[in-house]
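A.B. asks: Please find one structure pasted underneath; my questions will follow.
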Amino acid sequence: MVGDYKDVFGMDGPLARSLPGYAYRPEQAAMAKAVGLALARSEALIVEAGTGIGKTFAYLVPALLSGRSVIISTGTRTLQDQLFHRDVPLLAKGLGLPVKLALLKGRANYLCRHRLELATQQGTLLGEERGASRTLTRISRWAASTKTGDLSELTDLPEQSSVWPSVTSTRENCLGQQCPQFSRCHVFDARRAAQAAEIVVVNHHLLLADLALKDEGFGDLLPGAEAVILDEAHQVPDIAAQFFGQTWSVRQLQSLMRDSAAEMTAAGVRAPAVSAAMTAVETALEELRGALPSGAGRHEWAQLPDAFLDLLPELETSIGDLAGQLDGLGAGAGTANCARRAGTLAASLADLRAVPEESGLRWVEANPSGLLLQFTPFEIADRLREYVEARPCAWVFTSATLAIGDDFSHFAARIGLPDSRTLRIDSPFDYRTQARIYLPPKMPEPQNPNFAARFIEACAPLLEASGGRAFLLYTSYRGLAEGVAALKERFPNPPFPVLVQGQAPREALLNRFRELGNAVLLATGSFWEGVDVKGDALSVVAIDKLPFASPDDPLLKARLEGIRRRGGNPFFEYQLPQAVLALKQGVGRLIRDVEDFGVIVIGDPRLRTKAYGRLFMESLPPSPVITDAAEGAEFLRERLATFRRTGS
Ligand code: SF4
């Protein structure tokens with residue numbers, strides 16, 4: 001069906017009848033119409049959907065009514081789970097459309113029965129880590145009853161647990177059809193269910209792995225799809241860069257050597273030649289580590305000492321020898337697989353060494369537990385376009401932040417689809433009455449040593465008026481630390497609870513913020529997006545500086561260098577639009593509902609003093625801009641009083 005979806009979204013329609021509290025939103029119907037057209041015409045569409053449109057239902061309704069097989073990809077696991085467990089079933093029921101639905105995650109999320117068996121046999125090795133064998137016992141007990149094998153069912157198993165890689169598989173270590181557990185394999189069960197489903201919910205990592213035929217991807221998800229809808233699509237280009245790059249890690253090598261030992265034990269084989277080859281690999285690795293400048297950190301390839309680079313071929317040869325020794329064992333599928341993995345590791349090390357200088361950035365990252373060699377290509381747009389064009393179906397990219405003003409060219413160029421149809425649908429919220437944008441006057445330049453204190457000083461009247469209820473969002477950890485100190489100095493006995501990123505995991509901190517109802521949270525990084533606090537618990541969102549990404553980040557360097565090499569201007573083509581989108585994300589934390597209200601503070605004077613400030617201003621919500629803190633404080637007092645009286 002392609003139409004205006006009035007029958008579905010209208011107040012006489014099935015959604016109004018079946019969803020409690022449902023309200024008709026013309027913006028939602030408009031987006032559904034555009035998505036429906038893209039599906040019918042099998043074309044690409046980029047949609048920026050402002051907060052509050054209800055974009056999830058706006059793409060799910062046409063997807064369900066189209067009767068086509070659709071892949072929905074999300075940026076986060078939270079949204080993936082929400083779509084699978086709540087939104088799609090709810091909507092399918094409301095529309096009276098039974099749908100075959102599947103959730104597919106990457107391999108690393110599913111129990112691998114074969115590796116669990118190996119790990120159990122090797123229990124004494126794992127026992128070196130406190131609690132590891134207890135965890136293994138718990139997993140084994142759960143393994144006997146789980147239907148999906150999805151490790152998220154074990155809610156208290158930390159993702160950083162060292163047991164995790166021992167009970168999950170990678171593309172390299174999976175034995176596939178030769179595995180004794182193949183007929184009961186959760187990974188392959190999930191994959192079969194996905195192939196038989198009409199709607200498959202995946203995440204961008206898996207989708208891109210599938211496109212690039214890499215790692216956890218299966219390479220057979222996409223051929224059957226008639227439409228791909230990517231929500232939280234602003235994350236796609238960065239995730240794509242990871243997949244189109246190359247990574248070689250010592251951890252992979254160590255896990256191969258552990259697995260080889262385990263497979264030999266399981267096969268009852270003792271092979272002194274293999275042990276000698278492993279010792280040679282370990283020695284080469286030690287020498288390599290010793291050739292790096294001491295301490296953790298990232299080292300660009302061009303700055304690596306010759307001694308390090310000269311040792312790489314030696315390591316490569318020793319891994320190749322190990323592959324040969326394992327291959328010669330003839331001890332079954334397990335050791336044969338280890339031989340293949342060793343061969344692949346040696347080959348990918350050779351590939352990394354041979355990468356042409358002009359195609360991307362290579363660097364080495366060293367930390368106490370490992371060593372990572374990484375290559376990130378300068379450009380991914382062409383490759384992404386090739387992949388998309390090779391699958392002629394509908395491709396819908398949507399997010400709340402894709403455009404700079406009305407201009408989608410930055411995002412469209414990054415995904416290699418500059419000629420796609422685009423659509424921007426503004427939020428239905430009334431930003432003119434719900435919010436104010438406060439630009440404190442006389443702020444110093446961001447690099448001024450007094451900036452943090454002046455920023456807190458500028459926010460203070462608002463924090464006093466709102467009695468806390470604020471996010472103070474920083475663009476760097478250093479800024480955050482300075483902000484924490486400045487807040488302490490300005491409010492030695494703060495009249496509100498103060499929470500700081502790092503005191504607890506992100507979700508726990510956010511729950512605490514919601515429970516307290518009047519806290520001030522100081523944070524950076526991940527708190528700028530995907531955070532939803534409704535009601536008066538969040539009435540001030542204060543952003544210290546314009547969020548230009550750190551020039552020290554090697555990924556960013558790679559991209560900027562790529563633009564420079566093709567004669568472009570990295571600042572205007574990349575840094576500026578990225579910062580505008582990031583600011584939109586941060587500002588978007590304030591108004592999450594029709595009843596929300598508050599003040600957005602932006603401390604960076606460049607918003608008004610630099611010519612490019614106009615671009616940022618044009619991308620902010622259409623709220624009145626004020627430069628008088630008293631006006632902002634008055635607005636907050638009034639709105640809070642009304643909220644307390646009426647609940648809105
Ligand atoms: S087929 Fe692969 S993932 Fe499945 S149990 Fe065997 S090794 Fe593990």
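All residue names refer to the structure tokens as shown: chains lettered A, B, ... in order, residues numbered from 1 in each chain, ligands numbered from 1 in order.
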Show me which residues are within 7 Å of ligand 1 counting only C-alpha atoms and all ligand atoms, and format the list as a list in words.
C.D. replies: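 Listed by chain and ascending number, the contacts are Cys112, Arg113, His114, Arg115, Thr168, Ser169, Asn173, Cys174, Leu175, Gly176, Gln177, Cys179, Pro180, Gln181, Phe182, Cys185, His186, Val187 and Phe188 of chain A.
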A.B. asks: Produce a table with one row for each residue of region 201-288 of chain A that has an atom at most 12 Å from any atom of region 523-540 of chain A, each row naming the nearest atom pair and its distance in Å at one decimal; use only C-alpha atoms; arrange rows by chain and rising residue number; format as CSV.
C.D. replies:
residue,atom,partner,partner_atom,distance
A:Glu232,CA,A:Gly530,CA,9.3
A:His234,CA,A:Glu529,CA,11.0
A:Gln235,CA,A:Glu529,CA,11.0
A.B. asks: Would you save the residues from that selection as a PDB file, in the first residue's frame, using C-alpha atoms?
C.D. replies:
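The resulting file, again-v7.pdb, is reproduced below:
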ATOM      1  CA  GLU A 232      20.088   6.202  14.128  1.00  0.00           C
ATOM      2  CA  HIS A 234      24.018   9.333  11.726  1.00  0.00           C
ATOM      3  CA  GLN A 235      26.268   6.607  13.168  1.00  0.00           C
TER       4      GLN A 235
END
A.B. asks: When you count only C-alpha atoms, which of these residues is closest to Asp426 (chain A): A:Met31, A:Leu384, A:Leu311, A:Leu207?
C.D. replies: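 Of the candidates, the smallest distance to Asp426 (chain A) is held by A:Met31.
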A.B. asks: Any idea what the distance is between CA of Val99 (chain A) and CA of Leu64 (chain A)?
C.D. replies: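 Between these atoms lies a distance of 7.7 Å.
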A.B. asks: Among region 318-559 of chain A, which residues does DSSP mark as strand (DSSP E) when it is run on the backbone? Keep the chain and numbering as in the structure and answer as a ChimeraX atom specification.
C.D. replies: /A:360-367,370-377,394-399,421-425,435-438,470-473,498-500,520-523,540-543
A.B. asks: Please provide as a list in words all residues within 9 Å of region 131-140 of chain A, with the sequence filter that same-chain residues fewer than 5 positions apart are discarded (counting only C-alpha atoms).
C.D. replies: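 Neighbouring residues, sequence-local ones excluded: Leu111, Leu116, Glu117, Ala119, Thr120, Gly123, Thr124, Leu126, Leu151, Leu154, Leu157, Ser161, Ser162, Val163 and Val167 of chain A.
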A.B. asks: Give me, as JSON lines, each residue of region 360-455 of chain A that comes within 9 Å of region 554-558 of chain A, together with its shortest interatomic pair and the distance in Å at one decimal, counting only C-alpha atoms, with rows ordered by chain and rising residue number.
C.D. replies:
{"residue": "A:Gly360", "atom": "CA", "partner": "A:Ala558", "partner_atom": "CA", "distance": 6.2}
{"residue": "A:Leu361", "atom": "CA", "partner": "A:Ala558", "partner_atom": "CA", "distance": 5.2}
{"residue": "A:Arg362", "atom": "CA", "partner": "A:Pro554", "partner_atom": "CA", "distance": 8.7}
{"residue": "A:Trp363", "atom": "CA", "partner": "A:Pro554", "partner_atom": "CA", "distance": 7.9}
{"residue": "A:Thr376", "atom": "CA", "partner": "A:Leu555", "partner_atom": "CA", "distance": 6.9}
{"residue": "A:Pro377", "atom": "CA", "partner": "A:Ala558", "partner_atom": "CA", "distance": 7.2}
{"residue": "A:Phe378", "atom": "CA", "partner": "A:Ala558", "partner_atom": "CA", "distance": 5.4}
{"residue": "A:Glu379", "atom": "CA", "partner": "A:Ala558", "partner_atom": "CA", "distance": 8.7}
A.B. asks: Any idea what's packed within 7 Å of region 339-356 of chain A, counting only C-alpha atoms, ignoring anything in its chain fewer than 6 positions away? Could you give it as a list in words?
C.D. replies: Glu172, Trp248, Glu316, Ile319, Gly320, Leu322, Ala323, Gly324, Leu326 and Asp327 of chain A
A.B. asks: Choose the residue, out of A:Leu590, A:Leu285, A:Cys459, A:Cys393, that has the smallest atom-to-atom separation from Tyr431 (chain A); count only C-alpha atoms.
C.D. replies: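 Nearest candidate to Tyr431 (chain A) out of A:Leu590, A:Leu285, A:Cys459, A:Cys393: A:Leu590.
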A.B. asks: Distance CA of Glu507 (chain A)-CA of Phe491 (chain A), one decimal place?
C.D. replies: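 Distance between the two atoms: 26.1 Å.
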A.B. asks: Calculated over only C-alpha atoms, which of the candidates A:Glu464, A:Asp231, A:Asp593, A:Glu287 has the smallest distance to Ile46 (chain A)?
C.D. replies: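 Checking each candidate against Ile46 (chain A), we get A:Asp231 as the closest.
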